[in-house]
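As stored in model.txt (compact mmCIF, C-alpha atoms):
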```txt
# COMPACT_ATOMS: atom_id res chain seq x y z
CA MET A 1 -19.71 -15.13 15.56
CA ARG A 2 -18.44 -15.19 12.01
CA HIS A 3 -15.32 -17.11 10.99
CA TYR A 4 -12.99 -15.30 8.64
CA ASP A 5 -10.41 -16.83 6.36
CA GLU A 6 -7.25 -14.84 5.77
CA GLU A 7 -8.18 -13.89 2.22
CA THR A 8 -11.49 -12.40 3.37
CA LEU A 9 -9.71 -10.49 6.13
CA ALA A 10 -7.24 -9.10 3.63
CA ASP A 11 -10.11 -7.97 1.35
CA LEU A 12 -11.90 -6.29 4.24
CA LEU A 13 -8.73 -4.51 5.34
CA ARG A 14 -8.24 -3.24 1.79
CA THR A 15 -11.83 -1.94 1.75
CA LEU A 16 -11.16 0.76 4.31
CA ALA A 17 -8.44 2.74 2.59
CA ALA A 18 -7.27 5.89 4.32
CA PRO A 19 -8.54 9.22 2.96
CA PRO A 20 -5.95 11.90 2.13
CA GLU A 21 -4.22 13.06 5.32
CA ALA A 22 -5.09 16.70 4.62
CA TRP A 23 -8.81 15.88 4.75
CA VAL A 24 -8.42 14.18 8.10
CA LYS A 25 -6.33 17.00 9.52
CA ALA A 26 -8.85 19.63 8.39
CA ALA A 27 -11.67 17.69 10.05
CA GLN A 28 -9.63 17.27 13.21
CA GLU A 29 -9.10 21.03 13.34
CA ILE A 30 -12.83 21.82 13.36
CA PRO A 31 -12.86 22.66 17.09
CA LEU A 32 -9.92 25.00 16.59
CA ALA A 33 -11.54 26.58 13.56
CA ARG A 34 -14.64 27.24 15.59
CA ARG A 35 -12.52 28.91 18.22
CA GLY A 36 -11.18 31.31 15.61
CA LEU A 37 -8.11 29.67 14.08
CA ASP A 38 -9.03 30.59 10.52
CA ASP A 39 -9.86 34.18 11.52
CA ILE A 40 -6.57 34.56 13.37
CA VAL A 41 -4.54 33.23 10.46
CA GLU A 42 -6.34 35.40 7.94
CA ARG A 43 -5.95 38.51 10.09
CA ALA A 44 -2.26 37.80 10.67
CA ARG A 45 -1.72 37.61 6.92
CA GLU A 46 -3.49 40.90 6.29
CA ASP A 47 -2.48 42.90 9.37
CA GLN A 48 1.28 43.23 9.83
CA ALA A 49 0.95 44.84 13.28
CA PHE A 50 -1.15 41.90 14.49
CA ARG A 51 1.35 39.47 13.01
CA ASP A 52 4.23 41.26 14.72
CA ALA A 53 2.36 41.10 18.03
CA LEU A 54 1.81 37.36 17.54
CA ILE A 55 5.49 36.84 16.86
CA ALA A 56 6.46 38.86 19.93
CA ASP A 57 4.11 37.13 22.36
CA LEU A 58 1.55 34.80 20.86
CA GLU A 59 -0.67 34.18 23.86
CA THR A 60 -0.79 37.78 25.00
CA ALA A 61 -1.54 39.00 21.49
CA LEU A 62 -4.38 36.52 21.11
CA GLU A 63 -5.86 37.37 24.47
CA SER A 64 -5.57 41.11 23.75
CA ALA A 65 -7.47 40.50 20.51
CA GLY A 66 -10.26 38.83 22.46
CA TYR A 67 -9.61 35.15 21.72
CA ASP A 68 -9.97 32.49 24.38
CA THR A 69 -6.61 30.78 24.11
CA ASP A 70 -5.54 27.28 25.00
CA SER A 71 -2.47 25.24 24.14
CA ALA A 72 -4.12 23.50 21.17
CA LEU A 73 -5.16 26.78 19.59
CA THR A 74 -1.83 28.53 20.14
CA GLU A 75 0.06 25.52 18.81
CA ALA A 76 -2.13 25.42 15.71
CA VAL A 77 -1.62 29.15 15.11
CA ARG A 78 2.14 28.66 15.44
CA GLU A 79 2.04 25.83 12.91
CA ARG A 80 -0.21 27.59 10.40
CA LEU A 81 1.83 30.81 10.51
CA SER A 82 5.19 29.05 10.81
CA LEU A 83 6.00 31.09 13.92
CA MET B 1 5.62 -4.31 25.96
CA VAL B 2 3.66 -1.46 27.48
CA ALA B 3 2.54 -0.42 24.00
CA ASP B 4 1.36 -3.97 23.36
CA VAL B 5 -0.72 -3.93 26.50
CA LEU B 6 -2.12 -0.49 25.75
CA ALA B 7 -3.04 -1.56 22.24
CA HIS B 8 -5.67 -3.82 23.76
CA VAL B 9 -7.32 -0.98 25.65
CA VAL B 10 -9.67 0.44 23.05
CA GLU B 11 -12.10 3.09 24.10
CA THR B 12 -15.70 2.40 23.11
CA ASP B 13 -17.49 4.73 20.74
CA ALA B 14 -19.74 5.87 23.57
CA GLN B 15 -16.78 6.75 25.79
CA LEU B 16 -15.15 8.64 22.95
CA VAL B 17 -18.33 10.58 22.16
CA ALA B 18 -18.76 11.45 25.84
CA ARG B 19 -15.26 12.94 25.90
CA CYS B 20 -15.97 14.91 22.70
CA ARG B 21 -19.16 16.23 24.22
CA ALA B 22 -17.11 17.41 27.21
CA GLY B 23 -15.00 19.54 24.85
CA ASP B 24 -11.92 17.32 24.72
CA ASP B 25 -10.08 18.18 21.48
CA ASP B 26 -7.96 15.02 21.66
CA ALA B 27 -11.14 12.96 21.73
CA TRP B 28 -12.45 14.78 18.66
CA ARG B 29 -9.20 14.06 16.82
CA GLU B 30 -9.52 10.41 17.77
CA LEU B 31 -13.15 10.31 16.67
CA VAL B 32 -12.24 11.73 13.25
CA GLU B 33 -9.38 9.24 12.98
CA ARG B 34 -11.65 6.34 13.94
CA PHE B 35 -14.39 7.12 11.41
CA SER B 36 -12.54 8.93 8.63
CA ARG B 37 -12.05 5.79 6.53
CA TYR B 38 -15.67 4.76 6.97
CA VAL B 39 -17.07 8.13 5.89
CA TYR B 40 -14.63 8.30 2.98
CA ALA B 41 -15.44 4.78 1.84
CA ILE B 42 -19.19 5.39 1.87
CA SER B 43 -18.82 8.35 -0.46
CA VAL B 44 -16.32 6.83 -2.90
CA GLN B 45 -17.38 3.17 -2.82
CA ALA B 46 -21.11 3.12 -2.11
CA TYR B 47 -21.92 6.37 -3.95
CA ARG B 48 -18.93 6.57 -6.30
CA LEU B 49 -18.41 10.28 -5.80
CA SER B 50 -15.48 12.04 -7.42
CA ASP B 51 -12.58 13.00 -5.16
CA ALA B 52 -13.69 16.64 -5.16
CA ASP B 53 -17.27 15.78 -4.17
CA ALA B 54 -16.08 13.19 -1.66
CA GLU B 55 -13.89 15.79 0.01
CA ASP B 56 -16.82 18.22 0.30
CA VAL B 57 -19.01 15.50 1.79
CA PHE B 58 -16.24 14.39 4.15
CA GLN B 59 -15.72 17.89 5.58
CA GLU B 60 -19.44 18.58 5.79
CA VAL B 61 -20.13 15.32 7.63
CA PHE B 62 -17.58 16.08 10.33
CA ALA B 63 -18.55 19.75 10.56
CA ARG B 64 -22.19 18.78 11.11
CA ALA B 65 -21.22 16.00 13.47
CA TYR B 66 -19.23 18.43 15.59
CA VAL B 67 -22.08 20.92 15.79
CA ASN B 68 -24.81 18.35 16.35
CA LEU B 69 -22.99 15.95 18.64
CA PRO B 70 -24.77 17.35 21.72
CA LYS B 71 -28.08 16.36 20.10
CA LEU B 72 -27.08 12.72 19.61
CA ARG B 73 -29.46 10.83 21.89
CA ASN B 74 -27.40 7.67 22.20
CA ASP B 75 -23.62 8.13 22.34
CA SER B 76 -23.06 4.57 21.22
CA ALA B 77 -25.00 5.18 17.99
CA ILE B 78 -22.33 7.44 16.50
CA ARG B 79 -21.46 5.03 13.67
CA PRO B 80 -24.97 4.65 12.19
CA TRP B 81 -25.54 8.35 12.78
CA LEU B 82 -22.45 9.26 10.75
CA ALA B 83 -23.36 6.72 8.09
CA GLN B 84 -26.85 8.18 7.73
CA MET B 85 -25.49 11.71 7.52
CA THR B 86 -22.92 10.68 4.92
CA ARG B 87 -25.56 8.91 2.83
CA ARG B 88 -27.84 11.95 2.91
CA LEU B 89 -25.04 14.29 1.86
CA CYS B 90 -23.92 11.94 -0.91
CA LEU B 91 -27.46 11.80 -2.24
CA ASP B 92 -27.73 15.59 -2.13
CA THR B 93 -24.50 15.80 -4.10
CA ILE B 94 -25.69 13.29 -6.68
CA ARG B 95 -29.05 15.04 -7.01
CA ALA B 96 -27.32 18.40 -7.47
CA GLY B 97 -25.20 16.83 -10.23
CA ALA B 98 -28.25 15.15 -11.77
CA ARG B 99 -29.91 18.52 -12.24
CA GLU B 100 -27.08 19.35 -14.57
CA GLN B 101 -26.83 15.84 -16.04
CA PRO B 102 -30.39 14.40 -15.84
CA GLU B 103 -29.36 10.95 -17.04
CA GLU B 104 -27.54 10.29 -13.72
CA LEU B 105 -29.30 7.91 -11.34
CA PRO B 106 -30.17 9.43 -7.97
CA GLU B 107 -28.76 6.53 -5.91
CA PRO B 108 -26.63 3.51 -6.79
CA ALA B 109 -28.78 0.38 -6.54
CA ASP B 110 -26.19 -1.49 -4.53
CA ALA B 111 -25.47 1.24 -1.96
CA ASP B 112 -27.04 -0.79 0.87
CA ASP B 113 -24.86 -3.81 0.09
CA ALA B 114 -21.77 -1.65 -0.16
CA ILE B 115 -22.45 -0.04 3.22
CA ALA B 116 -23.11 -3.42 4.83
CA ARG B 117 -19.70 -4.51 3.59
CA LEU B 118 -18.14 -1.33 4.96
CA ASP B 119 -19.76 -1.99 8.34
CA GLU B 120 -18.10 -5.39 8.33
CA ALA B 121 -14.80 -3.87 7.26
CA LEU B 122 -15.04 -1.41 10.15
CA TYR B 123 -15.67 -4.32 12.51
CA VAL B 124 -12.45 -5.92 11.29
CA HIS B 125 -10.65 -2.61 11.45
CA ASP B 126 -11.72 -2.22 15.08
CA ALA B 127 -10.30 -5.64 15.82
CA LEU B 128 -7.08 -4.56 14.13
CA ALA B 129 -6.86 -1.70 16.63
CA THR B 130 -6.61 -4.20 19.45
CA LEU B 131 -3.53 -5.96 18.02
CA PRO B 132 0.00 -5.09 19.10
CA ASP B 133 1.50 -2.04 17.39
CA ASN B 134 3.79 -4.03 15.10
CA CYS B 135 0.92 -6.07 13.65
CA ARG B 136 -1.48 -3.18 13.39
CA GLU B 137 1.06 -1.09 11.54
CA ILE B 138 2.21 -3.71 9.09
CA LEU B 139 -1.32 -4.86 8.15
CA ASP B 140 -2.58 -1.32 7.75
CA ARG B 141 0.38 -0.25 5.64
CA PHE B 142 0.19 -3.26 3.37
CA PHE B 143 -3.55 -3.64 2.88
CA ALA B 144 -5.16 -0.26 3.54
CA ARG B 145 -2.33 2.03 2.43
CA ASP B 146 -1.12 -0.25 -0.36
CA GLU B 147 2.56 0.26 0.52
CA SER B 148 5.28 -1.90 -1.00
CA TYR B 149 7.39 -4.34 1.02
CA ARG B 150 10.33 -2.00 0.54
CA ASN B 151 8.46 1.05 1.90
CA ILE B 152 7.15 -0.92 4.84
CA GLY B 153 10.59 -2.30 5.57
CA ASP B 154 12.12 1.18 5.45
CA ALA B 155 9.40 2.72 7.60
CA LEU B 156 9.40 0.02 10.24
CA ASP B 157 13.10 -0.75 10.04
CA ILE B 158 12.62 -4.44 9.33
CA PRO B 159 14.08 -6.55 6.50
CA ALA B 160 11.81 -6.48 3.45
CA GLY B 161 12.34 -10.23 3.08
CA THR B 162 10.53 -10.94 6.34
CA ILE B 163 7.46 -8.86 5.65
CA ALA B 164 5.36 -11.49 3.88
CA SER B 165 5.74 -13.90 6.77
CA ARG B 166 5.01 -11.17 9.31
CA ILE B 167 1.84 -10.22 7.41
CA SER B 168 0.76 -13.83 7.42
CA ARG B 169 1.37 -14.19 11.17
CA CYS B 170 -0.45 -10.94 11.89
CA LEU B 171 -3.46 -12.04 9.81
CA VAL B 172 -3.63 -15.17 11.94
CA LYS B 173 -3.57 -13.00 15.08
CA LEU B 174 -6.34 -10.85 13.66
CA LYS B 175 -8.39 -13.93 12.83
CA THR B 176 -7.91 -15.22 16.36
CA GLU B 177 -8.93 -11.87 17.80
CA LEU B 178 -12.11 -11.87 15.74
CA GLU B 179 -12.93 -15.40 16.75
CA ASP B 180 -12.49 -14.65 20.41
CA GLU B 181 -16.08 -14.60 21.58
CA GLY B 182 -15.17 -12.34 24.49
CA ARG B 183 -14.13 -9.41 22.38
CA LYS B 184 -16.50 -6.70 21.33
CA PRO B 185 -15.12 -4.13 18.91
CA ALA B 186 -15.90 -0.52 19.78
CA SER B 187 -17.97 0.19 16.70
CA VAL B 188 -19.98 -3.01 16.83
CA GLU B 189 -20.62 -2.57 20.51
CA SER B 190 -22.19 0.72 19.60
CA GLY B 191 -24.99 -1.10 17.82
CA GLY B 192 -26.94 0.57 15.06
```

Show me the file's structure as structure tokens.
Amino acid sequence: MRHYDEETLADLLRTLAAPPEAWVKAAQEIPLARRGLDDIVERAREDQAFRDALIADLETALESAGYDTDSALTEAVRERLSL
Amino acid sequence: MVADVLAHVVETDAQLVARCRAGDDDAWRELVERFSRYVYAISVQAYRLSDADAEDVFQEVFARAYVNLPKLRNDSAIRPWLAQMTRRLCLDTIRAGAREQPEELPEPADADDAIARLDEALYVHDALATLPDNCREILDRFFARDESYRNIGDALDIPAGTIASRISRCLVKLKTELEDEGRKPASVESGG
């Protein structure tokens, strides 16, 4: 067991600075990205009919387009598209 | 009170990895949160990458970790596994840069020492996670996020004049936590 003085503790706490929040968020969204989040967002930006369908009924539109939906994915789509 | 009690219940790395492996998105978010500072610090402190290169390495490390997590033989070895992956990607980045600027050294001579220090910092950071919310928040904001007394006071709704003494008290709590022989921080427990 090592004994720490308060100055050493303070130095060690400073050592692990937080990375930019956007980096962390992007890494946290990897599972969603793999389930198609990026594809959905890109398609919604290029395909007005698909976007309209998402706005009308997000889950149904995603399922009709062949995506396996869950609450995390639908919530992320809502956030990314500001629905 | 409940939050204080819960703050002491810290999931081990192995438990967290097991949940990720089971497809739990919340666990993945927690895993990224737990190791994001470590991965970031290796690239910018041990390998002195630029922000742009560090961001590429950061995203690649977690992308590869997500894909290869099922292949990890020992769930509790996640920390050294991530460290090794980060080091390899940092070296690849430096080598790629060195091809354009041949005078660059392939690896900083003191990278091992820097990573040993980061391992120790992570140990302390794990201990911080076991402190009550008020202490964890104030120490993290002041030391790791470099926030001013005024910002901390505004964010936590406490008088700025009391922050120095609160920081001091919380450092004592952290010291006590680290000196408690019974505790075993999640990352250190994972070995490696």

Residue neighbourhood A:Asp11, 12 Å, only C-alpha atoms, exclusion window fewer than 6 positions, as an mmCIF file with C-alpha atoms, in the frame of the given file:
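Written out: result15.cif:
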```
data_model
loop_
_atom_site.group_PDB
_atom_site.id
_atom_site.type_symbol
_atom_site.label_atom_id
_atom_site.label_comp_id
_atom_site.auth_asym_id
_atom_site.auth_seq_id
_atom_site.Cartn_x
_atom_site.Cartn_y
_atom_site.Cartn_z
ATOM 1 C CA TYR A 4 -12.990 -15.300 8.640
ATOM 2 C CA ASP A 5 -10.410 -16.830 6.360
ATOM 3 C CA ALA A 17 -8.440 2.740 2.590
ATOM 4 C CA ARG B 117 -19.700 -4.510 3.590
ATOM 5 C CA LEU B 118 -18.140 -1.330 4.960
ATOM 6 C CA GLU B 120 -18.100 -5.390 8.330
ATOM 7 C CA ALA B 121 -14.800 -3.870 7.260
ATOM 8 C CA VAL B 124 -12.450 -5.920 11.290
ATOM 9 C CA HIS B 125 -10.650 -2.610 11.450
ATOM 10 C CA LEU B 139 -1.320 -4.860 8.150
ATOM 11 C CA ASP B 140 -2.580 -1.320 7.750
ATOM 12 C CA PHE B 142 0.190 -3.260 3.370
ATOM 13 C CA PHE B 143 -3.550 -3.640 2.880
ATOM 14 C CA ALA B 144 -5.160 -0.260 3.540
ATOM 15 C CA ASP B 146 -1.120 -0.250 -0.360
ATOM 16 C CA LEU B 171 -3.460 -12.040 9.810
#
```

Tell me, counting all atoms listed in the file, for each residue of chain A within 6 Å of chain B, which pair of atoms is nearest and how far apart they are in Å to one decimal, in rows ordered by chain and increasing number, as CSV.
```
residue,atom,partner,partner_atom,distance
A:Leu12,CA,B:Ala121,CA,4.8
A:Leu13,CA,B:Phe143,CA,5.8
A:Arg14,CA,B:Ala144,CA,4.6
A:Leu16,CA,B:Arg37,CA,5.6
A:Ala17,CA,B:Ala144,CA,4.5
A:Ala18,CA,B:Arg37,CA,5.3
A:Gln28,CA,B:Arg29,CA,4.8
```

For this session: Extract, using all atoms listed in the file, all DNA, RNA and protein residues at most 9 Å from stretch 70-76 of chain A, discarding same-chain residues fewer than 3 positions from it, and format them as a PyMOL selection string.
Result: (chain A and resi 29+32-33+35-37+58-59+62+79-81) or (chain B and resi 25)

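Going from atom CA of B:Leu91 to atom CA of B:Ala18 covers 29.4 Å.
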
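Across the structure, atom CA of A:Thr8 and atom CA of B:Leu156 are spaced 25.3 Å apart.
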
For this session: Kindly give the distance, in Å, that separates atom CA of B:Trp81 and atom CA of B:Gly97, rounded to a single decimal.
Result: 24.5 Å

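Closest approach to A:Asp68 among A:Glu46, A:Leu54, A:Leu83, A:Arg34 is made by A:Arg34 (distances from all atoms listed in the file).
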
When you get a chance, write out N, CA and C atoms for stretch 140-168 of chain B, as a PDB file, in the frame of the given file.
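Output (rebuild39.pdb):
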```pdb
ATOM      1  N   ASP B 140      -1.969  -2.542   8.281  1.00  0.00           N
ATOM      2  CA  ASP B 140      -2.580  -1.320   7.750  1.00  0.00           C
ATOM      3  C   ASP B 140      -1.776  -0.773   6.576  1.00  0.00           C
ATOM      4  N   ARG B 141      -0.454  -0.766   6.732  1.00  0.00           N
ATOM      5  CA  ARG B 141       0.380  -0.250   5.640  1.00  0.00           C
ATOM      6  C   ARG B 141       0.238  -1.099   4.378  1.00  0.00           C
ATOM      7  N   PHE B 142       0.210  -2.394   4.550  1.00  0.00           N
ATOM      8  CA  PHE B 142       0.190  -3.260   3.370  1.00  0.00           C
ATOM      9  C   PHE B 142      -1.181  -3.273   2.698  1.00  0.00           C
ATOM     10  N   PHE B 143      -2.234  -3.477   3.501  1.00  0.00           N
ATOM     11  CA  PHE B 143      -3.550  -3.640   2.880  1.00  0.00           C
ATOM     12  C   PHE B 143      -4.280  -2.324   2.655  1.00  0.00           C
ATOM     13  N   ALA B 144      -4.338  -1.468   3.672  1.00  0.00           N
ATOM     14  CA  ALA B 144      -5.160  -0.260   3.540  1.00  0.00           C
ATOM     15  C   ALA B 144      -4.415   0.883   2.860  1.00  0.00           C
ATOM     16  N   ARG B 145      -3.080   0.935   3.050  1.00  0.00           N
ATOM     17  CA  ARG B 145      -2.330   2.030   2.430  1.00  0.00           C
ATOM     18  C   ARG B 145      -1.581   1.583   1.175  1.00  0.00           C
ATOM     19  N   ASP B 146      -1.670   0.290   0.884  1.00  0.00           N
ATOM     20  CA  ASP B 146      -1.120  -0.250  -0.360  1.00  0.00           C
ATOM     21  C   ASP B 146       0.373   0.054  -0.525  1.00  0.00           C
ATOM     22  N   GLU B 147       1.115  -0.014   0.584  1.00  0.00           N
ATOM     23  CA  GLU B 147       2.560   0.260   0.520  1.00  0.00           C
ATOM     24  C   GLU B 147       3.324  -0.992   0.099  1.00  0.00           C
ATOM     25  N   SER B 148       4.450  -0.783  -0.557  1.00  0.00           N
ATOM     26  CA  SER B 148       5.280  -1.900  -1.000  1.00  0.00           C
ATOM     27  C   SER B 148       6.055  -2.495   0.180  1.00  0.00           C
ATOM     28  N   TYR B 149       6.554  -3.714  -0.020  1.00  0.00           N
ATOM     29  CA  TYR B 149       7.390  -4.340   1.020  1.00  0.00           C
ATOM     30  C   TYR B 149       8.570  -3.429   1.367  1.00  0.00           C
ATOM     31  N   ARG B 150       9.137  -2.840   0.309  1.00  0.00           N
ATOM     32  CA  ARG B 150      10.330  -2.000   0.540  1.00  0.00           C
ATOM     33  C   ARG B 150       9.976  -0.795   1.420  1.00  0.00           C
ATOM     34  N   ASN B 151       8.867  -0.121   1.090  1.00  0.00           N
ATOM     35  CA  ASN B 151       8.460   1.050   1.900  1.00  0.00           C
ATOM     36  C   ASN B 151       8.165   0.654   3.338  1.00  0.00           C
ATOM     37  N   ILE B 152       7.486  -0.472   3.481  1.00  0.00           N
ATOM     38  CA  ILE B 152       7.150  -0.920   4.840  1.00  0.00           C
ATOM     39  C   ILE B 152       8.426  -1.239   5.602  1.00  0.00           C
ATOM     40  N   GLY B 153       9.325  -1.937   4.924  1.00  0.00           N
ATOM     41  CA  GLY B 153      10.590  -2.300   5.570  1.00  0.00           C
ATOM     42  C   GLY B 153      11.367  -1.078   6.010  1.00  0.00           C
ATOM     43  N   ASP B 154      11.399  -0.060   5.111  1.00  0.00           N
ATOM     44  CA  ASP B 154      12.120   1.180   5.450  1.00  0.00           C
ATOM     45  C   ASP B 154      11.451   1.888   6.628  1.00  0.00           C
ATOM     46  N   ALA B 155      10.119   1.965   6.566  1.00  0.00           N
ATOM     47  CA  ALA B 155       9.400   2.720   7.600  1.00  0.00           C
ATOM     48  C   ALA B 155       9.483   2.050   8.963  1.00  0.00           C
ATOM     49  N   LEU B 156       9.439   0.732   8.962  1.00  0.00           N
ATOM     50  CA  LEU B 156       9.400   0.020  10.240  1.00  0.00           C
ATOM     51  C   LEU B 156      10.760  -0.542  10.639  1.00  0.00           C
ATOM     52  N   ASP B 157      11.742  -0.305   9.767  1.00  0.00           N
ATOM     53  CA  ASP B 157      13.100  -0.750  10.040  1.00  0.00           C
ATOM     54  C   ASP B 157      13.160  -2.270  10.248  1.00  0.00           C
ATOM     55  N   ILE B 158      12.552  -2.978   9.306  1.00  0.00           N
ATOM     56  CA  ILE B 158      12.620  -4.440   9.330  1.00  0.00           C
ATOM     57  C   ILE B 158      13.007  -4.927   7.933  1.00  0.00           C
ATOM     58  N   PRO B 159      13.669  -6.072   7.824  1.00  0.00           N
ATOM     59  CA  PRO B 159      14.080  -6.550   6.500  1.00  0.00           C
ATOM     60  C   PRO B 159      12.876  -6.826   5.605  1.00  0.00           C
ATOM     61  N   ALA B 160      12.935  -6.309   4.360  1.00  0.00           N
ATOM     62  CA  ALA B 160      11.810  -6.480   3.450  1.00  0.00           C
ATOM     63  C   ALA B 160      11.488  -7.958   3.228  1.00  0.00           C
ATOM     64  N   GLY B 161      12.527  -8.798   3.318  1.00  0.00           N
ATOM     65  CA  GLY B 161      12.340 -10.230   3.080  1.00  0.00           C
ATOM     66  C   GLY B 161      11.495 -10.930   4.132  1.00  0.00           C
ATOM     67  N   THR B 162      11.315 -10.298   5.269  1.00  0.00           N
ATOM     68  CA  THR B 162      10.530 -10.940   6.340  1.00  0.00           C
ATOM     69  C   THR B 162       9.084 -10.452   6.384  1.00  0.00           C
ATOM     70  N   ILE B 163       8.769  -9.512   5.520  1.00  0.00           N
ATOM     71  CA  ILE B 163       7.460  -8.860   5.650  1.00  0.00           C
ATOM     72  C   ILE B 163       6.291  -9.798   5.311  1.00  0.00           C
ATOM     73  N   ALA B 164       6.462 -10.580   4.258  1.00  0.00           N
ATOM     74  CA  ALA B 164       5.360 -11.490   3.880  1.00  0.00           C
ATOM     75  C   ALA B 164       5.008 -12.423   5.027  1.00  0.00           C
ATOM     76  N   SER B 165       6.035 -12.966   5.669  1.00  0.00           N
ATOM     77  CA  SER B 165       5.740 -13.900   6.770  1.00  0.00           C
ATOM     78  C   SER B 165       5.151 -13.170   7.970  1.00  0.00           C
ATOM     79  N   ARG B 166       5.593 -11.944   8.198  1.00  0.00           N
ATOM     80  CA  ARG B 166       5.010 -11.170   9.310  1.00  0.00           C
ATOM     81  C   ARG B 166       3.541 -10.862   9.023  1.00  0.00           C
ATOM     82  N   ILE B 167       3.236 -10.500   7.771  1.00  0.00           N
ATOM     83  CA  ILE B 167       1.840 -10.220   7.410  1.00  0.00           C
ATOM     84  C   ILE B 167       0.986 -11.455   7.656  1.00  0.00           C
ATOM     85  N   SER B 168       1.501 -12.585   7.239  1.00  0.00           N
ATOM     86  CA  SER B 168       0.760 -13.830   7.420  1.00  0.00           C
ATOM     87  C   SER B 168       0.497 -14.112   8.901  1.00  0.00           C
TER      88      SER B 168
END
```
